[in-house]
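Structure file target-v1.txt with compact mmCIF, C-alpha atoms:
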# COMPACT_ATOMS: atom_id res chain seq x y z
CA MET N 539 -21.94 -32.36 -0.85
CA THR N 540 -24.42 -34.36 1.16
CA GLU N 541 -28.18 -33.91 1.25
CA GLN N 542 -27.87 -32.79 4.88
CA ASN N 543 -25.64 -29.91 3.81
CA LEU N 544 -28.23 -28.89 1.24
CA ASP N 545 -30.96 -28.87 3.88
CA ASN N 546 -28.91 -26.82 6.36
CA GLY N 547 -28.05 -24.01 3.95
CA THR N 548 -29.22 -22.19 0.86
CA TRP N 549 -28.03 -22.78 -2.67
CA GLN N 550 -25.98 -19.57 -2.47
CA GLU N 551 -24.17 -20.82 0.64
CA ALA N 552 -23.32 -24.01 -1.20
CA ALA N 553 -21.83 -21.98 -4.03
CA ASP N 554 -19.79 -19.93 -1.56
CA ARG N 555 -18.28 -23.18 -0.26
CA GLU N 556 -17.21 -23.98 -3.84
CA ASP N 557 -19.12 -27.21 -3.57
CA THR N 558 -21.83 -26.72 -6.19
CA ALA N 559 -20.95 -29.72 -8.35
CA THR N 560 -23.57 -31.92 -6.71
CA VAL N 561 -26.28 -29.32 -7.28
CA PHE N 562 -25.52 -28.70 -10.93
CA VAL N 563 -25.26 -32.37 -11.90
CA ALA N 564 -28.30 -33.46 -9.90
CA SER N 565 -31.40 -34.44 -11.83
CA GLN N 566 -34.56 -32.34 -11.86
CA TRP N 567 -36.36 -34.87 -9.65
CA LYS N 568 -33.49 -34.88 -7.14
CA LEU N 569 -33.57 -31.09 -6.90
CA MET N 570 -37.33 -31.20 -6.44
CA TYR N 571 -36.96 -33.77 -3.66
CA TRP N 572 -34.36 -31.67 -1.80
CA ARG N 573 -36.49 -28.56 -1.99
CA PHE N 574 -39.76 -30.33 -1.13
CA ARG N 575 -38.18 -31.91 1.94
CA LYS N 576 -37.50 -28.43 3.32
CA HIS N 577 -41.25 -27.66 3.24
CA LYS N 578 -42.05 -29.17 6.65
CA LEU N 579 -45.80 -28.61 6.45
CA ALA N 580 -45.96 -30.33 3.06
CA VAL N 581 -43.95 -33.29 4.36
CA PHE N 582 -46.26 -33.61 7.37
CA SER N 583 -49.27 -33.43 5.03
CA VAL N 584 -47.84 -36.30 2.99
CA LEU N 585 -47.72 -38.40 6.15
CA VAL N 586 -51.34 -37.46 6.92
CA LEU N 587 -52.46 -38.46 3.41
CA VAL N 588 -50.54 -41.73 3.58
CA ALA N 589 -52.29 -42.54 6.88
CA LEU N 590 -55.71 -41.68 5.40
CA TYR N 591 -55.19 -43.83 2.33
CA VAL N 592 -53.80 -46.78 4.30
CA VAL N 593 -56.89 -46.70 6.52
CA ALA N 594 -59.13 -46.40 3.45
CA ILE N 595 -57.49 -49.34 1.66
CA PHE N 596 -57.71 -51.62 4.71
CA ALA N 597 -61.00 -50.17 5.97
CA ASP N 598 -62.45 -53.58 6.82
CA PHE N 599 -59.64 -54.18 9.32
CA PHE N 600 -59.47 -50.68 10.83
CA ALA N 601 -63.24 -50.21 11.19
CA PRO N 602 -64.50 -51.82 14.42
CA TYR N 603 -67.88 -52.79 12.88
CA ASP N 604 -69.61 -53.31 9.56
CA HIS N 605 -70.59 -49.87 8.28
CA ASN N 606 -74.22 -50.95 7.68
CA LYS N 607 -74.67 -52.84 10.96
CA GLN N 608 -77.64 -51.43 12.89
CA ASN N 609 -78.30 -51.40 16.62
CA THR N 610 -81.85 -50.16 17.09
CA LYS N 611 -81.42 -50.06 20.88
CA LEU N 612 -78.66 -47.46 20.69
CA LEU N 613 -79.80 -44.61 18.47
CA PHE N 614 -77.96 -41.26 18.45
CA VAL N 615 -75.45 -42.38 21.08
CA PRO N 616 -72.92 -39.55 21.66
CA PRO N 617 -69.20 -40.28 21.19
CA ARG N 618 -67.95 -42.57 23.93
CA VAL N 619 -65.09 -41.56 26.23
CA ILE N 620 -62.15 -43.93 26.65
CA HIS N 621 -60.90 -44.05 30.24
CA PHE N 622 -57.60 -45.01 31.83
CA VAL N 623 -58.64 -43.93 35.34
CA ASP N 624 -61.84 -45.28 36.91
CA ALA N 625 -64.31 -43.44 39.13
CA ASP N 626 -62.31 -44.40 42.23
CA GLY N 627 -59.09 -42.95 40.85
CA ASN N 628 -57.48 -46.30 40.02
CA PHE N 629 -55.22 -46.30 36.95
CA SER N 630 -55.53 -49.01 34.31
CA LEU N 631 -53.02 -49.68 31.53
CA ARG N 632 -55.78 -51.19 29.39
CA PRO N 633 -58.26 -48.58 28.13
CA PHE N 634 -61.92 -49.15 28.95
CA VAL N 635 -65.38 -47.64 28.56
CA TYR N 636 -68.28 -47.66 30.98
CA GLY N 637 -71.67 -49.14 30.28
CA LEU N 638 -74.57 -46.96 29.15
CA GLU N 639 -77.77 -46.03 30.95
CA GLN N 640 -80.57 -44.86 28.71
CA GLN N 641 -83.31 -42.41 29.74
CA VAL N 642 -86.25 -41.24 27.67
CA ASP N 643 -87.79 -37.81 28.18
CA ALA N 644 -91.52 -38.39 28.76
CA ARG N 645 -92.46 -35.14 27.06
CA THR N 646 -90.16 -35.00 24.01
CA LEU N 647 -89.37 -38.74 23.76
CA THR N 648 -85.72 -37.77 23.35
CA LYS N 649 -83.21 -40.41 24.41
CA THR N 650 -80.25 -39.44 26.58
CA TYR N 651 -77.35 -41.59 27.68
CA THR N 652 -75.21 -41.49 30.82
CA GLU N 653 -72.26 -43.63 31.87
CA ASP N 654 -72.92 -46.50 34.25
CA THR N 655 -69.72 -46.54 36.32
CA SER N 656 -70.66 -49.90 37.85
CA VAL N 657 -70.10 -51.62 34.49
CA ARG N 658 -66.90 -51.35 32.48
CA TYR N 659 -65.71 -53.00 29.29
CA SER N 660 -62.07 -53.24 28.28
CA VAL N 661 -61.09 -52.13 24.79
CA GLN N 662 -59.59 -55.14 23.01
CA PHE N 663 -57.08 -55.08 20.16
CA LEU N 664 -57.12 -57.51 17.24
CA VAL N 665 -60.58 -58.51 18.35
CA LYS N 666 -62.94 -60.87 16.53
CA GLY N 667 -65.98 -59.11 15.10
CA ASP N 668 -68.14 -58.72 12.00
CA PRO N 669 -66.96 -60.92 9.09
CA TYR N 670 -65.73 -59.23 5.91
CA GLU N 671 -64.07 -59.93 2.58
CA MET N 672 -61.10 -57.62 2.09
CA PHE N 673 -60.82 -56.59 -1.58
CA GLY N 674 -63.56 -59.15 -2.21
CA LEU N 675 -60.98 -61.93 -1.92
CA ILE N 676 -59.62 -62.31 1.62
CA GLU N 677 -62.14 -63.45 4.21
CA GLY N 678 -61.62 -62.39 7.79
CA ASP N 679 -63.27 -61.23 11.00
CA THR N 680 -60.35 -59.60 12.86
CA HIS N 681 -60.58 -55.88 13.58
CA LEU N 682 -57.92 -53.55 14.96
CA PHE N 683 -59.90 -52.76 18.10
CA GLY N 684 -63.35 -53.16 19.60
CA LEU N 685 -65.30 -54.66 22.48
CA GLU N 686 -65.80 -58.36 23.00
CA GLY N 687 -69.44 -59.42 22.76
CA GLU N 688 -72.16 -59.11 20.18
CA GLU N 689 -74.27 -56.60 22.13
CA ARG N 690 -71.43 -54.28 23.11
CA SER N 691 -70.84 -51.26 20.92
CA LEU N 692 -67.86 -48.96 21.28
CA PHE N 693 -69.16 -45.96 19.27
CA LEU N 694 -66.02 -43.80 19.61
CA LEU N 695 -67.59 -41.17 17.31
CA GLY N 696 -71.19 -41.89 18.28
CA SER N 697 -74.01 -43.55 16.34
CA ASP N 698 -76.55 -42.28 13.82
CA ARG N 699 -80.34 -42.49 13.59
CA MET N 700 -80.17 -46.22 12.79
CA GLY N 701 -77.66 -47.09 15.47
CA ARG N 702 -74.79 -47.47 13.01
CA ASP N 703 -71.25 -46.77 14.18
CA MET N 704 -70.12 -43.39 12.85
CA LEU N 705 -66.41 -44.23 12.97
CA SER N 706 -66.89 -47.36 10.87
CA ARG N 707 -68.99 -45.46 8.34
CA ILE N 708 -66.42 -42.65 8.08
CA ILE N 709 -63.59 -45.16 7.56
CA HIS N 710 -65.50 -47.05 4.86
CA GLY N 711 -66.71 -43.80 3.29
CA SER N 712 -63.13 -42.64 2.85
CA ARG N 713 -62.65 -45.28 0.13
CA ILE N 714 -64.97 -43.53 -2.29
CA SER N 715 -64.34 -39.94 -1.21
CA LEU N 716 -60.55 -40.23 -1.42
CA SER N 717 -60.34 -42.42 -4.52
CA VAL N 718 -62.66 -40.22 -6.57
CA GLY N 719 -60.01 -37.48 -6.46
CA PHE N 720 -57.21 -39.62 -7.89
CA VAL N 721 -59.26 -41.38 -10.55
CA GLY N 722 -60.99 -38.17 -11.63
CA VAL N 723 -57.71 -36.27 -11.87
CA VAL N 724 -56.15 -39.00 -14.03
CA ILE N 725 -59.02 -38.67 -16.51
CA SER N 726 -58.75 -34.87 -16.42
CA LEU N 727 -54.98 -35.15 -16.96
CA VAL N 728 -55.41 -37.18 -20.14
CA LEU N 729 -58.09 -34.87 -21.53
CA GLY N 730 -56.32 -31.67 -20.46
CA VAL N 731 -52.91 -32.62 -21.83
CA LEU N 732 -54.22 -33.99 -25.13
CA ILE N 733 -56.75 -31.26 -25.91
CA GLY N 734 -54.67 -28.41 -24.50
CA GLY N 735 -51.51 -29.74 -26.16
CA VAL N 736 -53.15 -30.00 -29.58
CA SER N 737 -54.62 -26.52 -29.17
CA GLY N 738 -51.33 -24.90 -28.23
CA TYR N 739 -49.09 -26.85 -30.60
CA TYR N 740 -51.09 -26.48 -33.81
CA GLY N 741 -52.78 -23.12 -33.15
CA GLY N 742 -54.90 -21.60 -35.89
CA ILE N 743 -58.51 -22.69 -36.31
CA ILE N 744 -57.99 -25.70 -34.01
CA ASP N 745 -56.87 -23.44 -31.18
CA THR N 746 -59.80 -21.07 -31.75
CA VAL N 747 -62.40 -23.85 -31.68
CA VAL N 748 -60.93 -25.51 -28.60
CA GLN N 749 -60.71 -22.25 -26.67
CA ARG N 750 -64.31 -21.34 -27.47
CA ILE N 751 -65.43 -24.77 -26.21
CA ILE N 752 -63.42 -24.28 -23.01
CA GLU N 753 -64.89 -20.82 -22.47
CA PHE N 754 -68.41 -22.20 -22.95
CA LEU N 755 -67.85 -25.00 -20.43
CA GLN N 756 -66.31 -22.63 -17.90
CA SER N 757 -69.21 -20.20 -18.22
CA ILE N 758 -71.75 -22.82 -17.08
CA PRO N 759 -72.50 -22.69 -13.30
CA THR N 760 -70.71 -25.72 -11.86
CA ILE N 761 -73.06 -26.91 -9.12
CA PRO N 762 -76.29 -26.72 -11.22
CA LEU N 763 -74.53 -28.54 -14.06
CA TRP N 764 -73.32 -31.29 -11.72
CA MET N 765 -76.80 -31.64 -10.27
CA ALA N 766 -78.45 -31.81 -13.70
CA LEU N 767 -76.05 -34.46 -15.01
CA ALA N 768 -76.12 -36.49 -11.81
CA ALA N 769 -79.91 -36.35 -11.61
CA ALA N 770 -80.08 -37.82 -15.11
CA MET N 771 -78.61 -41.09 -13.82
CA PRO N 772 -81.26 -43.85 -13.53
CA VAL N 773 -82.34 -44.56 -9.95
CA TYR N 774 -81.99 -48.31 -10.53
CA TRP N 775 -78.26 -48.06 -11.25
CA SER N 776 -75.95 -49.86 -8.85
CA PRO N 777 -73.63 -47.85 -6.58
CA VAL N 778 -70.68 -48.90 -8.77
CA LYS N 779 -72.28 -47.46 -11.92
CA ILE N 780 -73.17 -44.27 -10.09
CA TYR N 781 -69.61 -44.02 -8.80
CA PHE N 782 -68.10 -44.22 -12.28
CA ALA N 783 -70.73 -41.87 -13.66
CA ILE N 784 -69.75 -39.27 -11.07
CA LEU N 785 -66.09 -39.74 -12.06
CA VAL N 786 -66.96 -39.07 -15.68
CA ILE N 787 -69.04 -36.01 -14.76
CA LEU N 788 -66.31 -34.50 -12.60
CA SER N 789 -63.63 -35.24 -15.18
CA LEU N 790 -65.57 -33.84 -18.15
CA ILE N 791 -65.87 -30.56 -16.27
CA GLY N 792 -62.48 -30.48 -14.58
CA TRP N 793 -60.17 -30.72 -17.61
CA THR N 794 -60.71 -27.19 -18.92
CA GLY N 795 -58.42 -25.38 -16.48
CA LEU N 796 -55.57 -27.82 -17.05
CA ALA N 797 -56.03 -27.58 -20.83
CA ARG N 798 -55.58 -23.81 -20.62
CA VAL N 799 -52.35 -24.24 -18.66
CA VAL N 800 -50.98 -26.83 -21.10
CA ARG N 801 -51.90 -24.64 -24.08
CA GLY N 802 -50.00 -21.68 -22.63
CA ARG N 803 -46.94 -23.82 -22.00
CA PHE N 804 -47.03 -25.25 -25.52
CA LEU N 805 -47.32 -21.79 -27.05
CA SER N 806 -44.16 -20.70 -25.25
CA LEU N 807 -42.19 -23.90 -25.93
CA ARG N 808 -43.13 -24.91 -29.48
CA GLU N 809 -40.56 -22.53 -31.05
CA GLU N 810 -37.71 -23.53 -28.72
CA ASP N 811 -34.50 -24.97 -30.16
CA PHE N 812 -35.03 -28.46 -28.73
CA VAL N 813 -38.39 -28.71 -30.50
CA MET N 814 -36.83 -27.60 -33.78
CA ALA N 815 -34.04 -30.15 -33.30
CA ALA N 816 -36.62 -32.90 -32.76
CA ARG N 817 -38.40 -31.91 -35.99
CA LEU N 818 -35.14 -31.94 -37.95
CA ALA N 819 -34.36 -35.37 -36.51
CA GLY N 820 -37.58 -36.66 -38.08
CA ALA N 821 -39.70 -36.93 -34.90
CA GLY N 822 -43.44 -37.04 -35.46
CA GLU N 823 -45.86 -34.52 -34.02
CA MET N 824 -47.21 -36.78 -31.28
CA ARG N 825 -43.69 -37.85 -30.31
CA ILE N 826 -42.64 -34.22 -29.94
CA ILE N 827 -45.66 -33.53 -27.75
CA VAL N 828 -45.39 -36.64 -25.57
CA ARG N 829 -41.60 -37.11 -25.37
CA HIS N 830 -40.34 -33.51 -25.44
CA LEU N 831 -42.95 -30.86 -24.64
CA VAL N 832 -44.91 -32.53 -21.83
CA PRO N 833 -41.83 -33.73 -19.86
CA SER N 834 -40.38 -30.21 -19.98
CA PHE N 835 -43.03 -28.99 -17.53
CA LEU N 836 -44.04 -32.31 -15.95
CA SER N 837 -43.12 -31.07 -12.46
CA TYR N 838 -45.56 -28.18 -12.87
CA LEU N 839 -48.27 -30.59 -14.01
CA ILE N 840 -47.78 -32.73 -10.91
CA ALA N 841 -48.16 -29.70 -8.64
CA ASN N 842 -51.22 -28.51 -10.55
CA LEU N 843 -52.90 -31.92 -10.39
CA THR N 844 -52.22 -32.24 -6.66
CA LEU N 845 -54.07 -28.99 -6.13
CA SER N 846 -56.95 -30.28 -8.33
CA ILE N 847 -57.64 -33.39 -6.26
CA PRO N 848 -59.38 -31.45 -3.42
CA GLY N 849 -61.79 -30.01 -5.97
CA MET N 850 -62.72 -33.52 -7.10
CA ILE N 851 -63.24 -34.65 -3.50
CA LEU N 852 -65.42 -31.63 -2.73
CA GLY N 853 -67.37 -32.19 -5.96
CA GLU N 854 -68.29 -35.77 -5.05
CA THR N 855 -69.08 -34.73 -1.48
CA SER N 856 -71.34 -31.91 -2.66
CA LEU N 857 -73.28 -34.13 -5.06
CA SER N 858 -73.76 -36.86 -2.46
CA PHE N 859 -74.71 -34.34 0.23
CA LEU N 860 -77.38 -32.90 -2.05
CA GLY N 861 -78.71 -36.41 -2.68
CA VAL N 862 -77.88 -36.59 -6.40
CA GLY N 863 -74.53 -38.37 -6.13
CA MET N 864 -73.75 -41.60 -4.33
CA ARG N 865 -76.81 -43.17 -2.77
CA PRO N 866 -77.31 -45.66 0.08
CA PRO N 867 -76.36 -48.44 0.61
CA ALA N 868 -73.12 -47.03 -0.82
CA VAL N 869 -71.27 -44.93 1.73
CA SER N 870 -69.07 -41.88 1.25
CA TRP N 871 -68.41 -38.82 3.36
CA GLY N 872 -71.06 -36.94 1.37
CA VAL N 873 -73.63 -39.70 1.89
CA ILE N 874 -73.00 -39.61 5.64
CA LEU N 875 -73.30 -35.82 5.73
CA ASN N 876 -76.60 -36.09 3.85
CA GLU N 877 -78.17 -37.34 7.09
CA ALA N 878 -77.18 -34.07 8.82
CA GLN N 879 -79.24 -31.80 6.55
CA LYS N 880 -82.02 -31.26 9.07
CA LEU N 881 -81.33 -28.66 11.76
CA ARG N 882 -83.27 -30.64 14.36
CA VAL N 883 -81.12 -33.72 13.78
CA VAL N 884 -77.91 -31.70 14.02
CA ALA N 885 -79.08 -30.08 17.24
CA GLN N 886 -79.77 -33.50 18.73
CA ALA N 887 -76.67 -35.23 17.33
CA PRO N 888 -73.96 -32.72 16.30
CA TRP N 889 -71.44 -35.55 15.86
CA LEU N 890 -73.15 -36.36 12.54
CA LEU N 891 -71.11 -33.45 11.13
CA LEU N 892 -67.81 -35.19 11.93
CA PRO N 893 -67.25 -36.38 8.31
CA GLY N 894 -66.92 -32.71 7.43
CA GLY N 895 -63.84 -32.54 9.65
CA PHE N 896 -62.21 -35.38 7.73
CA ILE N 897 -63.04 -33.65 4.44
CA VAL N 898 -61.36 -30.47 5.69
CA LEU N 899 -58.33 -32.48 6.85
CA ALA N 900 -57.91 -34.23 3.49
CA VAL N 901 -58.42 -31.05 1.45
CA LEU N 902 -55.95 -29.05 3.57
CA ALA N 903 -53.37 -31.84 3.34
CA PHE N 904 -53.64 -31.96 -0.45
CA ASN N 905 -53.39 -28.16 -0.65
CA PHE N 906 -50.25 -28.08 1.51
CA VAL N 907 -48.67 -30.88 -0.54
CA GLY N 908 -49.58 -28.98 -3.71
CA ASP N 909 -47.97 -25.81 -2.36
CA GLY N 910 -44.81 -27.75 -1.52
CA LEU N 911 -44.69 -29.35 -4.98
CA ARG N 912 -45.32 -26.01 -6.66
CA ASP N 913 -42.35 -24.48 -4.83
CA ALA N 914 -40.20 -27.54 -5.48
CA ALA N 915 -41.00 -27.45 -9.19
CA ASP N 916 -38.56 -24.54 -9.41
CA PRO N 917 -35.65 -25.83 -7.32
CA TYR N 918 -33.40 -22.89 -8.22
CA ALA N 919 -35.82 -20.32 -6.79
CA ARG N 920 -34.70 -18.65 -3.59
Conversion result in structure tokens:
Amino acid sequence: MTEQNLDNGTWQEAADREDTATVFVASQWKLMYWRFRKHKLAVFSVLVLVALYVVAIFADFFAPYDHNKQNTKLLFVPPRVIHFVDADGNFSLRPFVYGLEQQVDARTLTKTYTEDTSVRYSVQFLVKGDPYEMFGLIEGDTHLFGLEGEERSLFLLGSDRMGRDMLSRIIHGSRISLSVGFVGVVISLVLGVLIGGVSGYYGGIIDTVVQRIIEFLQSIPTIPLWMALAAAMPVYWSPVKIYFAILVILSLIGWTGLARVVRGRFLSLREEDFVMAARLAGAGEMRIIVRHLVPSFLSYLIANLTLSIPGMILGETSLSFLGVGMRPPAVSWGVILNEAQKLRVVAQAPWLLLPGGFIVLAVLAFNFVGDGLRDAADPYAR
């Protein structure tokens, strides 16, 4: 039976066609793949996440400008509109933007910008721009798109109070905001599986002590605890040290839920026949845990961890937004949102809230992928 046949019908229909051999001999991962592929929203979310991470990895190339480059003549410029049809109704295959005319209100000193239709700049692809070192190794100055000329700024998502390009800052900020989820979850996975596994496998006084510690950690208000720990970091620390400190903070708090899940699984599996057979074969305790118990519900762990990544992303964003996480000159989505705390600034430049849209997009994508993996973890379910 082909994979296409599996996608077009249910497992029961396959059995009715007396063609179930492929299903019953397929591996657990193959069954998970077949079932996950039927979850269209989860598959689309995977594509969205792949696109986000590719852009984050090669941020220097995709961002039209350096994320810290300032243009003091163009503060709070609204998002620019790309045109294919000019003011006279003429169509152009090459996209372009008009020049900007700046006016200053004499009473409020507020700057406003209007398009100057007498001046137009073509959007160039693979254009030369600000120099960069990709991964700190590869030097280059080619960007995916932009405008030719040092004084021309595209500002597709507007500029901030220092005249920095919002799109470039969002792209560069995705590196920290998206990576903190993966790295933090890996640390939480190690702590959760080890501590929860030991608690559930051995039981007794060890289980009691571990569960009381977990209950104590879970009873502490999360946001105040994050703020207290993050505020304890020295102000002279480099952005890299702060980044890893935030990872440790998020991971030390985030392992408790996973440890509870692992403990429950171990309690239900430790008396199974395959565990007894491993003991009789002379397998050590750690080998039984790592080679037999954990793999038996590895698919569930993957789904659970996928759903935990959004929490890590939101945790870093919250800390940085409150000013106790990442700090300038480092850039993350939370650091960018920190500039939108004042109501007056938001009223003048609402596009400063755009990083929040990317946070919502990433969190929703991870949640949909997690839902798909959770369903696929039980491939025999109807």
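Restricting the calculation to only C-alpha atoms, the smallest distance between Glu854 (chain N) and any of N:Phe683, N:Phe574, N:Trp871, N:Tyr740 is found for N:Trp871.
Relative to CA of Ile897 (chain N), CA of Ile847 (chain N) is found at 12.0 Å.
As for CA of Ala601 (chain N) and CA of Asn876 (chain N), they are spaced 20.8 Å apart.
For Leu911 (chain N), the non-local neighbours within 8 Å, defined as residues at least 5 positions apart in the same chain or in other chains and counting all atoms listed in the file, are Met570, Phe574, Ser837, Ile840 and Ala841 of chain N.
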Inset, instruction - Please identify all polymer residues within 12 Å of region 632-646 of chain N, counting all atoms listed in the file, omitting same-chain residues fewer than 2 positions from it, and present them as number ranges by chain. - result: N: 611-625, 628-630, 648-663, 683-686, 689-694, 886
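Shortest atom-to-atom contact with Leu875 (chain N) among N:Gly627, N:Gly910, N:Gly822, N:Pro893: N:Pro893, counting all atoms listed in the file.
Counting from CA of Asp598 (chain N), the distance to CA of Leu695 (chain N) is 17.0 Å.
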Inset, instruction - Would you please work out which residue, of N:Lys578, N:Lys568, N:His605, N:Arg808, is nearest to Pro866 (chain N) when using all atoms listed in the file? - result: N:His605
Legend entry - Which of N:Ala768, N:Val898, N:Tyr781, N:Val884 sits closest to Gly861 (chain N) [using all atoms listed in the file]: N:Ala768
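Proximity ranking of N:Asp745, N:Asp909, N:Asp679, N:Asp668 relative to Tyr838 (chain N) places N:Asp909 first, based on all atoms listed in the file.
Of the listed residues (N:Val731, N:Val869, N:Asn842, N:Ile761), N:Val869 comes nearest to Asp604 (chain N); the distances count all atoms listed in the file.
Applying the 9 Å criterion to (-58.4, -26.1, -16.8) in file coordinates and using all atoms listed in the file, one obtains the residues Ser726, Gly730, Gly734, Ile752, Gln756, Ile791, Gly792, Trp793, Thr794, Gly795, Leu796, Ala797, Arg798, Val799 and Val800 of chain N.
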Do a neighbour search on Ser712 (chain N) at 8 Å with all atoms listed in the file, toss out local chain neighbours closer than 4 positions, and write the hits as a PDB file with C-alpha atoms, in the frame of the given file.
ATOM      1  CA  LEU N 590     -55.710 -41.680   5.400  1.00  0.00           C
ATOM      2  CA  ALA N 594     -59.130 -46.400   3.450  1.00  0.00           C
ATOM      3  CA  ILE N 708     -66.420 -42.650   8.080  1.00  0.00           C
ATOM      4  CA  LEU N 716     -60.550 -40.230  -1.420  1.00  0.00           C
ATOM      5  CA  SER N 717     -60.340 -42.420  -4.520  1.00  0.00           C
ATOM      6  CA  SER N 870     -69.070 -41.880   1.250  1.00  0.00           C
ATOM      7  CA  TRP N 871     -68.410 -38.820   3.360  1.00  0.00           C
TER       8      TRP N 871
END
